[in-house]
Amino acid sequence: MDKRIHERQEVSLSVEILDPPHLGKVSLVTRDINKHGAFILLAREKCLPVGRIVSLRMSGVLWGEKLSTVSARVVRVTDEGMGLQFLDFDFM
């Protein structure tokens, strides 16, 4: 059962993880996004643990900016990637 309150939009955006620094600057792609979170495509072995806070930079084409820096919490990890909940960002 899907617990999301807001429907996700299937859109591919470029995402760069800035922190944690041990990952380096990793360029990734979203699978879907909504005003409260996104799913990032990434191999399971490279995903961060649930609960980890990350800092990422995303293309802001959906909200009229070139780039936006966002804090997010890892809330789910699957074989396809990780689900992130935005902590300080709301593009709608």
# chains A, B, ... in the order shown; residues from 1 in each chain; ligands from 1
>>> residues_around(residues="A:Val74", least_positions_apart="3", cutoff="8 Å", atoms="only C-alpha atoms", output="PDB file with N, CA and C atoms, in the first residue's frame")
ATOM      1  N   LEU A  48      22.485   5.005   0.621  1.00  0.00           N
ATOM      2  CA  LEU A  48      22.753   5.313   2.020  1.00  0.00           C
ATOM      3  C   LEU A  48      21.692   4.664   2.897  1.00  0.00           C
ATOM      4  N   PRO A  49      21.991   4.458   4.177  1.00  0.00           N
ATOM      5  CA  PRO A  49      21.010   3.809   5.058  1.00  0.00           C
ATOM      6  C   PRO A  49      19.792   4.694   5.321  1.00  0.00           C
ATOM      7  N   VAL A  50      18.671   4.050   5.565  1.00  0.00           N
ATOM      8  CA  VAL A  50      17.438   4.754   5.925  1.00  0.00           C
ATOM      9  C   VAL A  50      17.715   5.603   7.165  1.00  0.00           C
ATOM     10  N   GLY A  51      17.243   6.839   7.125  1.00  0.00           N
ATOM     11  CA  GLY A  51      17.442   7.771   8.228  1.00  0.00           C
ATOM     12  C   GLY A  51      18.579   8.754   7.983  1.00  0.00           C
ATOM     13  N   ARG A  52      19.461   8.457   7.051  1.00  0.00           N
ATOM     14  CA  ARG A  52      20.612   9.320   6.765  1.00  0.00           C
ATOM     15  C   ARG A  52      20.142  10.623   6.126  1.00  0.00           C
ATOM     16  N   ILE A  53      20.701  11.740   6.565  1.00  0.00           N
ATOM     17  CA  ILE A  53      20.403  13.046   5.989  1.00  0.00           C
ATOM     18  C   ILE A  53      21.432  13.327   4.892  1.00  0.00           C
ATOM     19  N   VAL A  54      20.961  13.807   3.748  1.00  0.00           N
ATOM     20  CA  VAL A  54      21.840  14.126   2.631  1.00  0.00           C
ATOM     21  C   VAL A  54      21.597  15.565   2.184  1.00  0.00           C
ATOM     22  N   VAL A  77      14.960   2.268   0.766  1.00  0.00           N
ATOM     23  CA  VAL A  77      16.011   1.765  -0.127  1.00  0.00           C
ATOM     24  C   VAL A  77      15.488   0.505  -0.800  1.00  0.00           C
ATOM     25  N   MET A  82      16.909   4.872  -3.962  1.00  0.00           N
ATOM     26  CA  MET A  82      16.471   5.278  -2.628  1.00  0.00           C
ATOM     27  C   MET A  82      15.444   6.400  -2.702  1.00  0.00           C
ATOM     28  N   GLY A  83      14.482   6.321  -1.792  1.00  0.00           N
ATOM     29  CA  GLY A  83      13.457   7.340  -1.663  1.00  0.00           C
ATOM     30  C   GLY A  83      13.912   8.384  -0.670  1.00  0.00           C
ATOM     31  N   LEU A  84      13.771   9.652  -1.046  1.00  0.00           N
ATOM     32  CA  LEU A  84      14.180  10.763  -0.198  1.00  0.00           C
ATOM     33  C   LEU A  84      12.981  11.625   0.169  1.00  0.00           C
ATOM     34  N   GLN A  85      12.956  12.092   1.411  1.00  0.00           N
ATOM     35  CA  GLN A  85      11.945  13.041   1.869  1.00  0.00           C
ATOM     36  C   GLN A  85      12.641  14.383   2.045  1.00  0.00           C
TER      37      GLN A  85
END
>>> residues_around(residues="A:Leu41", least_positions_apart="2", cutoff="9 Å", atoms="only C-alpha atoms", output="PyMOL selection string")
chain A and resi 28-31+39+43+80-83
>>> closest_residue(among="A:Ser55, A:Asn34, A:Thr78, A:Ser68", to="A:Leu18", atoms="only C-alpha atoms")
A:Ser55
>>> closest_residue(among="A:Cys47, A:Leu42, A:Leu56, A:Leu87", to="A:Val15", atoms="only C-alpha atoms")
A:Leu56
>>> closest_residue(among="A:Leu67, A:Glu45, A:Lys35, A:Arg76", to="A:Asp88", atoms="only C-alpha atoms")
A:Lys35
>>> atom_distance(atom1="atom CA of A:Arg57", atom2="atom CA of A:Ile17")
6.5 Å
>>> atom_distance(atom1="atom CA of A:Thr69", atom2="atom CA of A:Ile40")
15.2 Å
